[in-house]
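*Asks:* One structure follows; several queries about it will come next.
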Amino acid sequence: MAPATTALFLSLSLFLLFSASNAHNITRILAKHPEFSTFNHYLTVTHLAAEINRRETITVLALNNAAMSSLLSKQLPLYTLKNVLSLHVLVDYFGSKKLHQITNGTALTSTMFQATGAAPGSSGYINITDLKGGKVGFGAENNDGKLDAVYVKAVEELPYNISVLQISQPLNSAEAEAPTAEPSQVNLTAIMSKQGCKSFADLLISSGADATFNQNIDGGLTVFCPTDPVIKDFMPKYKNLTASKKMSLLLYHGVPVYQSMQMLKTNNGIMNTLATDGANKYDFTIQNDGEVVTLETKVVTAKITGTLKDEEPLIVYKINKVLLPTELYKPVEAPAESPKPSKSKHKVVADGPQSDAPAESDPAADQTADNQNGVAGLDGRGLLMVLVSLCIGVLLI
């Protein structure tokens, strides 16, 4: 192998190694272990999964389905359950080896419950104790010294990034289980109406689509709202649609996942919508060119022009065109006179009814899972590693 080729291979290998070490996805980790499916589900619906993925050093004390059944039998409200589960997420790295090497046999460590400021006093700390016989116990600091659970096994470890450890039982904490007030009810259409999207809000109300949007807010919702002048120009076409097609068109402007602007910029690709239903794909493609983010449907390309509200789990954007799905409107064809293969960036979006090639995987599902749980592209550290890798390649040449 030529020196230049060897150097390039080494650089690419280092790049891939460092890139892989800079990100983790708790949802995908737990998905490989069906016995944690209930725990995995509630990490997602409480938005803890996204917070776990954003942190660089974390330990998750996972509960299997039987242990989760015990916790769920308490019938805690969702926002209280989030506090309890956040008590099971340590903001430090504890691998299985470290558990048995604790100085003086015991350690007090902070959890995400403490780090978020939701815990009164020091109630968000966990006591980890190396017990006799090789066992390790876990208990909330405010639990009168009781160790509710013991270490069972290591599920997955990526030193010193993320460690997922199974424990035997949920950790008890009166503070974490105390009633938590739910956020005040968000009036989505009122937010739109006050900020230049009243016409679209009125369409949601008159069609009944607003109910579907509202039902998805707690689980995460991104709304793309055409402005009033855009809706005014589109109304003649809208009036020609049947009631069911009007509903699909409106639902096409909502994504059942919270997507911040940074997430959209770093996670270009196919996006499912509230209108997606089995064979009816109703998806579009997110693209960005620097600071400009566009939504491409094969029929029209719309641009995000502003943000009306951004408070997780809800974000509402303004866009400059109505999104037109291929299920309702004919796609725009590429110019036929050019002998060269089309370079249209729309080619990455596969439309089921128009394609005979079988799909080997579902990129939309993978993209949605990553987006929902906050997995982003390269961060500053990743970029630095790329530069180091390239420099090594140049020196070896």
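Letters for chains follow the order of the structure tokens (A, B, ...), residue numbers begin at 1 for each chain, and ligand numbers begin at 1 in the order shown.
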List every residue of range 209-264 of chain A that DSSP, applied to the backbone, labels as alpha helix (DSSP H), and write the result as a PyMOL selection string.
*Replies:* chain A and resi 209-215+228-239+243-251+261-264
*Asks:* Within 12 Å of range 244-262 of chain A, which residues of range 178-203 of chain A show up? Give each one with its shortest atom-to-atom distance in Å (one decimal) and the two atoms involved, counting only C-alpha atoms, rows by chain then rising residue number, as CSV.
*Replies:*
```
residue,atom,partner,partner_atom,distance
A:Leu188,CA,A:Gly254,CA,11.9
A:Ser199,CA,A:Leu250,CA,12.0
A:Phe200,CA,A:Leu250,CA,8.5
A:Ala201,CA,A:Leu250,CA,9.9
A:Asp202,CA,A:Leu250,CA,11.1
A:Leu203,CA,A:Leu250,CA,7.9
```
*Asks:* Write out as a ChimeraX atom specification each polymer residue whose atoms come within 9 Å of Ser37 in chain A, counting only C-alpha atoms; drop sequence neighbours fewer than 5 positions from it.
*Replies:* /A:30-31,42,64-65
*Asks:* Using only C-alpha atoms, which residue out of A:Phe36, A:Lys98, A:Gln185, A:Leu221 lies closest to Pro313 in chain A?
*Replies:* A:Leu221
*Asks:* Do you know which residues are at most 10 Å from Ser168 in chain A counting only C-alpha atoms, after dropping those on the same chain fewer than 2 positions away, and could you put them as a short mmCIF file (atom, residue, chain, number, x, y, z; two decimals) with N, CA and C atoms, in the first residue's frame?
*Replies:*
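selection24.cif written:
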```
data_model
loop_
_atom_site.label_atom_id
_atom_site.label_comp_id
_atom_site.auth_asym_id
_atom_site.auth_seq_id
_atom_site.Cartn_x
_atom_site.Cartn_y
_atom_site.Cartn_z
N LEU A 61 -29.16 3.72 35.73
CA LEU A 61 -29.51 2.55 36.55
C LEU A 61 -30.83 2.00 36.01
N ALA A 62 -30.72 0.99 35.15
CA ALA A 62 -31.87 0.49 34.39
C ALA A 62 -32.71 -0.48 35.22
N LEU A 63 -34.02 -0.40 35.00
CA LEU A 63 -34.98 -1.29 35.67
C LEU A 63 -35.61 -2.20 34.63
N ASN A 64 -35.63 -3.51 34.90
CA ASN A 64 -36.26 -4.41 33.94
C ASN A 64 -37.79 -4.27 34.02
N ALA A 66 -40.16 -6.14 35.10
CA ALA A 66 -40.80 -6.50 36.37
C ALA A 66 -40.65 -5.38 37.39
N ALA A 67 -39.44 -4.80 37.46
CA ALA A 67 -39.21 -3.69 38.40
C ALA A 67 -40.02 -2.47 38.00
N GLY A 137 -24.86 -1.94 46.86
CA GLY A 137 -26.20 -1.45 47.15
C GLY A 137 -26.40 -0.01 46.71
N PHE A 138 -27.65 0.36 46.42
CA PHE A 138 -28.01 1.71 45.99
C PHE A 138 -29.20 2.19 46.82
N ASP A 148 -32.22 0.38 48.78
CA ASP A 148 -33.39 -0.30 48.21
C ASP A 148 -33.03 -1.35 47.17
N ALA A 149 -31.92 -1.14 46.47
CA ALA A 149 -31.61 -2.00 45.33
C ALA A 149 -30.16 -2.45 45.37
N VAL A 150 -29.89 -3.51 44.64
CA VAL A 150 -28.51 -3.99 44.50
C VAL A 150 -28.17 -4.10 43.02
N TYR A 151 -26.88 -4.03 42.75
CA TYR A 151 -26.38 -4.16 41.38
C TYR A 151 -26.64 -5.57 40.87
N VAL A 152 -27.16 -5.67 39.63
CA VAL A 152 -27.44 -6.97 39.02
C VAL A 152 -26.40 -7.32 37.96
N LYS A 153 -26.24 -6.43 36.97
CA LYS A 153 -25.28 -6.68 35.90
C LYS A 153 -25.04 -5.40 35.09
N GLN A 166 -27.93 -2.57 35.36
CA GLN A 166 -29.23 -3.01 35.88
C GLN A 166 -29.18 -3.08 37.39
N PRO A 170 -36.66 -0.36 42.02
CA PRO A 170 -36.68 1.10 41.94
C PRO A 170 -36.17 1.71 43.24
N LEU A 171 -35.55 2.87 43.15
CA LEU A 171 -35.09 3.59 44.33
C LEU A 171 -36.23 4.41 44.90
#
```
*Asks:* Name the residues of range 172-313 of chain A that come out as strand (DSSP E or B) in a backbone DSSP run; write them as a PyMOL selection string.
*Replies:* chain A and resi 221-226+254-255+269-271+277+280+284-289+292-296+301-311
*Asks:* May I have the residues within 12 Å of Ile126 in chain A as an MDAnalysis selection string, using only C-alpha atoms and disregarding those fewer than 2 positions away in the same chain?
*Replies:* chainID A and resid 59 61 86:92 106:114 122:124 128:129 137:149 171:173
